[in-house]
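Chemist: One structure coming up, written as structure tokens, with questions to follow.
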Amino acid sequence: MAKSTNLVPHKKDVPAKAASRTSGETESSLKGTFAAVLLLGGFIILTWAGVFLLFLARQ
Amino acid sequence: MLTNGTPELQIDRKDSRLVLAHILFAFGALFLGGIAGLLQGLVRGGVVKLPAEIGYYQLLTAHGVLMALIFTTYFIIGFLISGVSKTTGGKLLPISRHLGWLGYGLMSTGTVVGTICILLNQATVLYTFYAPMKASPYFYIALALVVVGSWMSGFGMFYQFGYWKKLHKGKVTPLFAFMAVTTMLMWIVATLGVAAEVLLQLIPWSFGWVDTVNVMLSRTLFWFFGHPLVYFWLLPAYMCWYVVIPKIIGGKLFSDALARLAFILFLLFSIPVGFHHQLMEPGISPFWKFLQVILTFMVIVPSLMTAFSLFATFEQAGRALGAKGLFGWFRKMPWSDVRFFAPFAGMLTFIPAGAGGIINASNQMNAVVHNTLFITGHFHLTVATTVALTFFGVTYWLIPALTGRKLTARINKLGMIQTVVWLVGMFFMSGAMHTVGLLGSPRRTAYTTYENHPDAFLWMPYHVAMAIGGTILFIGILLLIVNIVLLFRAPRGQEEFPIAEANASAEAAPRLFERWGVLISLVVVLVLIAYMVPVLDMINNPVPGSKGFVTW
């Protein structure tokens, strides 16, 4: 593919250390972020449901 | 930035003076408001009794006005001016600086007059200054001066931003300056509501030019301002999180465009939402309450975008430093650096604070928590922890950056201790407020046993916990004041004004984000949709007017 062959000389142009940092930036995993936002959403839903149950219990 | 031949300073010396004047005034107000808050907590907990000349509600008014209005507004304007100066060339235009000083003068005159009114017990109307409680007209005039003063500083920032844009046609504006302009724009639109309330209703009524006041309308105009006020506190904290924190942790901002979009959404959705503070009030049709609750829930979107962006910024920075595993990046953060730790503690606190806010804005649950100490606990997490700790974190580098000094390892350590003291105090105080609020204990009440009602006895231990927490927080304020004095005596040097770069691989911001005419039009349309019909109804079919009451 034209795209992947273009990448090779580009990578060679930059020093090894900088190349790894660049790829780290662009391809960095965001798994932890995904897990963290799910935990955050879960916390919001739990607290909301808790007070809603309190509301129902006091009806 | 090197200016005036003084390499230590991060911005022009004249700008530094303006910013420092704001920051020091802010902490002076924090100290006085903190004394009032300490006494309030001790009275409420049944620990002390006030001498007859001082009223509990007088202290409450002083605490609320000095901390929630004066400390925040001064700090925010100082911080925003510093960042606008820094990111638009390191020097304000003379007209922007003069407007800043004019604003400072007006706000300070207003603060002094307003504080005198409170101390003379002429304005014990709580910080929400709800009619029909009637204060001295000079108290309302004083608050109007504070608002108009803040507009002057805002105009100064707009002028500086406009000039930069003219000089850099086609270029993306500096993110900090963009955010500062968005925040001040939101503030000016929001304060139009309270300005209308004060100028058209409260001042004529307080002087006796008219006999009665339309309470429904005055409360609506107050909350038109009152909720965006919360975002006026919060957005500068977000500015620190988006623009400053990535630099401190050695990373990059996840996305410049996402940050700008979040601020635009705040500009649009933080204003037409005031009815969620009035859910329990008669006189507003359920439809308009429902609409504004929906708009309130829209504001959750940019807050969650911010949470995502921060996690992503942390994860990318941590992984670049070699972090492994799902949450390994978390350990790579600079935990012993107060410039990071204090704002991070603020971010963490915003999780329960935000969750509490969603509860408050939900109609049924508002019935559970309305006018209870839960609400007081909530805003002590938002403004008094999330916002305050972020501002404290900023102070630890901003003062040295403006005075040409260094944040030393010792002051950094003292700052860490001060942050922990604050967190511990707030855990007790706000935790007790939340819990006892859910049990039904009302807010805005001095010490009372409710004629020895058994329910009220159950609340007592929580009120004592609030007093203990409040005392620890006051120690936190004293430590902060000591640290500020130490910052002014720190050794000479160059402290960084941290401004992060955006991740280059992220999408650039669309041009629409800088079309201010379009954005302001959208704000106006949303405000009209949410408010026009119910407000016209309040004017055309007014509730019976009320004479003024002096309840203290």
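By order in the structure tokens, chains are A, B, ...; within a chain, residues start at 1; ligands start at 1, following the order shown.
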Would you mind listing what lies within 6 Å of Met133 in chain B as a ChimeraX atom specification, with only C-alpha atoms counted and same-chain residues fewer than 5 positions away left out?

Modeler: /B:125,548-550

Chemist: Next, write the just-selected residues to a file, as a JSON list (two decimals), in the first residue's frame, keeping all heavy atoms as the atom set.

Modeler:
[["chain", "number", "residue", "atom", "x", "y", "z"],
["B", 125, "VAL", "N", -28.94, 39.75, 54.66],
["B", 125, "VAL", "CA", -29.91, 39.16, 53.72],
["B", 125, "VAL", "C", -29.35, 37.89, 53.10],
["B", 125, "VAL", "O", -29.84, 37.44, 52.07],
["B", 125, "VAL", "CB", -30.31, 40.17, 52.62],
["B", 125, "VAL", "CG1", -31.18, 41.27, 53.20],
["B", 125, "VAL", "CG2", -29.08, 40.76, 51.95],
["B", 548, "GLY", "N", -40.91, 45.25, 52.26],
["B", 548, "GLY", "CA", -39.64, 44.71, 52.72],
["B", 548, "GLY", "C", -39.70, 44.17, 54.14],
["B", 548, "GLY", "O", -40.50, 44.65, 54.95],
["B", 549, "PHE", "N", -38.88, 43.19, 54.45],
["B", 549, "PHE", "CA", -38.79, 42.64, 55.80],
["B", 549, "PHE", "C", -37.36, 42.72, 56.30],
["B", 549, "PHE", "O", -36.42, 42.45, 55.57],
["B", 549, "PHE", "CB", -39.23, 41.17, 55.81],
["B", 549, "PHE", "CG", -40.70, 40.97, 55.60],
["B", 549, "PHE", "CD1", -41.23, 40.83, 54.32],
["B", 549, "PHE", "CD2", -41.56, 40.95, 56.68],
["B", 549, "PHE", "CE1", -42.58, 40.66, 54.12],
["B", 549, "PHE", "CE2", -42.93, 40.77, 56.50],
["B", 549, "PHE", "CZ", -43.44, 40.62, 55.21],
["B", 550, "VAL", "N", -37.25, 43.13, 57.56],
["B", 550, "VAL", "CA", -35.94, 43.07, 58.22],
["B", 550, "VAL", "C", -36.08, 41.98, 59.28],
["B", 550, "VAL", "O", -36.73, 42.18, 60.30],
["B", 550, "VAL", "CB", -35.56, 44.43, 58.83],
["B", 550, "VAL", "CG1", -34.26, 44.32, 59.61],
["B", 550, "VAL", "CG2", -35.41, 45.47, 57.72]]

Chemist: Could you tell me which residues of chain A sit within 6 Å of chain B when counting only C-alpha atoms, and give me the result as a list in words?

Modeler: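 Residues satisfying the distance criterion: Gly32, Thr33, Ile44 and Trp48 of chain A.
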
Chemist: For Val215 in chain B, work out the shell of residues within 8 Å, counting only C-alpha atoms and skipping chain neighbours fewer than 6 positions away, then give it as a list in words.

Modeler: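 Non-adjacent residues within range: Ala131, Pro132, Val543, Gly545 and Ser546 of chain B.
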
Chemist: So what do you get for CA of Asp211 in chain B versus CA of Pro544 in chain B, distance-wise?

Modeler: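 So the answer is 11.7 Å.
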
Chemist: Rank B:Phe129, B:Ile249, B:Val387, B:Leu42 by their smallest atom-to-atom distance to Leu348 in chain B, using only C-alpha atoms, and report the top residue only.

Modeler: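 Distance minimum relative to Leu348 in chain B lands on B:Val387.
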
Chemist: Considering only C-alpha atoms, can you say which of B:Gly415, B:Pro137, B:Pro286, B:Pro174 comes closest to Thr87 in chain B?

Modeler: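 Distance minimum relative to Thr87 in chain B lands on B:Pro174.
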
Chemist: Between B:Leu80, B:Ile472, B:Ala530, B:Ile264, which is the closest to Gln418 in chain B once you count only C-alpha atoms?

Modeler: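 Comparing B:Leu80, B:Ile472, B:Ala530, B:Ile264 against Gln418 in chain B, the winner is B:Ile472.
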
Chemist: What is the CA of Val338 in chain B to CA of Val84 in chain B distance in Å?

Modeler: 23.3 Å

Chemist: Just list as a VMD selection string whatever in range 249-353 of chain B DSSP marks as alpha helix (DSSP H).

Modeler: chain B and resid 256 to 269 286 to 298 300 to 320 328 to 331 338 to 353

Chemist: If we count only C-alpha atoms, what is near Asn363 in chain B at a cut-off of 9 Å, once residues fewer than 5 positions away on the same chain are taken out, given as a list in words?

Modeler: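 Final neighbour list, sorted by chain and number: His276, Leu279, Met280, Lys289, Phe290 and Val293 of chain B.
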
Chemist: Go ahead and save the residues from that selection, with all heavy atoms, as a PDB file, in the first residue's frame.

Modeler:
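Below you can see out-v3.pdb, which holds the result:
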ATOM      1  N   HIS B 276     -33.669  25.370  37.831  1.00  0.00           N
ATOM      2  CA  HIS B 276     -33.445  24.168  38.646  1.00  0.00           C
ATOM      3  C   HIS B 276     -33.142  24.545  40.105  1.00  0.00           C
ATOM      4  O   HIS B 276     -33.135  23.670  40.968  1.00  0.00           O
ATOM      5  CB  HIS B 276     -32.394  23.225  38.033  1.00  0.00           C
ATOM      6  CG  HIS B 276     -30.982  23.654  38.187  1.00  0.00           C
ATOM      7  ND1 HIS B 276     -30.178  23.969  37.118  1.00  0.00           N
ATOM      8  CD2 HIS B 276     -30.209  23.808  39.275  1.00  0.00           C
ATOM      9  CE1 HIS B 276     -28.982  24.306  37.567  1.00  0.00           C
ATOM     10  NE2 HIS B 276     -28.964  24.219  38.861  1.00  0.00           N
ATOM     11  N   LEU B 279     -37.083  24.750  41.601  1.00  0.00           N
ATOM     12  CA  LEU B 279     -37.992  23.634  41.310  1.00  0.00           C
ATOM     13  C   LEU B 279     -39.117  23.528  42.331  1.00  0.00           C
ATOM     14  O   LEU B 279     -40.208  23.084  42.009  1.00  0.00           O
ATOM     15  CB  LEU B 279     -37.203  22.316  41.265  1.00  0.00           C
ATOM     16  CG  LEU B 279     -36.297  22.120  40.041  1.00  0.00           C
ATOM     17  CD1 LEU B 279     -35.479  20.846  40.180  1.00  0.00           C
ATOM     18  CD2 LEU B 279     -37.111  22.068  38.763  1.00  0.00           C
ATOM     19  N   MET B 280     -38.859  23.931  43.576  1.00  0.00           N
ATOM     20  CA  MET B 280     -39.870  23.780  44.615  1.00  0.00           C
ATOM     21  C   MET B 280     -40.769  25.017  44.729  1.00  0.00           C
ATOM     22  O   MET B 280     -41.588  25.101  45.629  1.00  0.00           O
ATOM     23  CB  MET B 280     -39.198  23.513  45.973  1.00  0.00           C
ATOM     24  CG  MET B 280     -38.439  22.196  46.047  1.00  0.00           C
ATOM     25  SD  MET B 280     -39.496  20.769  45.768  1.00  0.00           S
ATOM     26  CE  MET B 280     -38.818  20.097  44.252  1.00  0.00           C
ATOM     27  N   LYS B 289     -39.898  24.518  33.986  1.00  0.00           N
ATOM     28  CA  LYS B 289     -38.928  23.871  34.879  1.00  0.00           C
ATOM     29  C   LYS B 289     -38.312  22.664  34.178  1.00  0.00           C
ATOM     30  O   LYS B 289     -37.098  22.458  34.215  1.00  0.00           O
ATOM     31  CB  LYS B 289     -39.624  23.420  36.166  1.00  0.00           C
ATOM     32  CG  LYS B 289     -40.029  24.564  37.088  1.00  0.00           C
ATOM     33  CD  LYS B 289     -40.716  24.014  38.321  1.00  0.00           C
ATOM     34  CE  LYS B 289     -41.141  25.127  39.266  1.00  0.00           C
ATOM     35  NZ  LYS B 289     -41.982  24.632  40.356  1.00  0.00           N
ATOM     36  N   PHE B 290     -39.175  21.880  33.521  1.00  0.00           N
ATOM     37  CA  PHE B 290     -38.697  20.675  32.834  1.00  0.00           C
ATOM     38  C   PHE B 290     -37.673  21.050  31.760  1.00  0.00           C
ATOM     39  O   PHE B 290     -36.590  20.460  31.669  1.00  0.00           O
ATOM     40  CB  PHE B 290     -39.893  19.936  32.217  1.00  0.00           C
ATOM     41  CG  PHE B 290     -39.497  18.727  31.413  1.00  0.00           C
ATOM     42  CD1 PHE B 290     -39.054  17.570  32.037  1.00  0.00           C
ATOM     43  CD2 PHE B 290     -39.566  18.744  30.019  1.00  0.00           C
ATOM     44  CE1 PHE B 290     -38.685  16.458  31.295  1.00  0.00           C
ATOM     45  CE2 PHE B 290     -39.187  17.632  29.275  1.00  0.00           C
ATOM     46  CZ  PHE B 290     -38.756  16.493  29.911  1.00  0.00           C
ATOM     47  N   VAL B 293     -34.435  21.977  33.283  1.00  0.00           N
ATOM     48  CA  VAL B 293     -33.727  20.813  33.829  1.00  0.00           C
ATOM     49  C   VAL B 293     -33.016  20.075  32.692  1.00  0.00           C
ATOM     50  O   VAL B 293     -31.859  19.663  32.827  1.00  0.00           O
ATOM     51  CB  VAL B 293     -34.696  19.879  34.596  1.00  0.00           C
ATOM     52  CG1 VAL B 293     -34.067  18.506  34.824  1.00  0.00           C
ATOM     53  CG2 VAL B 293     -35.076  20.496  35.935  1.00  0.00           C
TER      54      VAL B 293
END
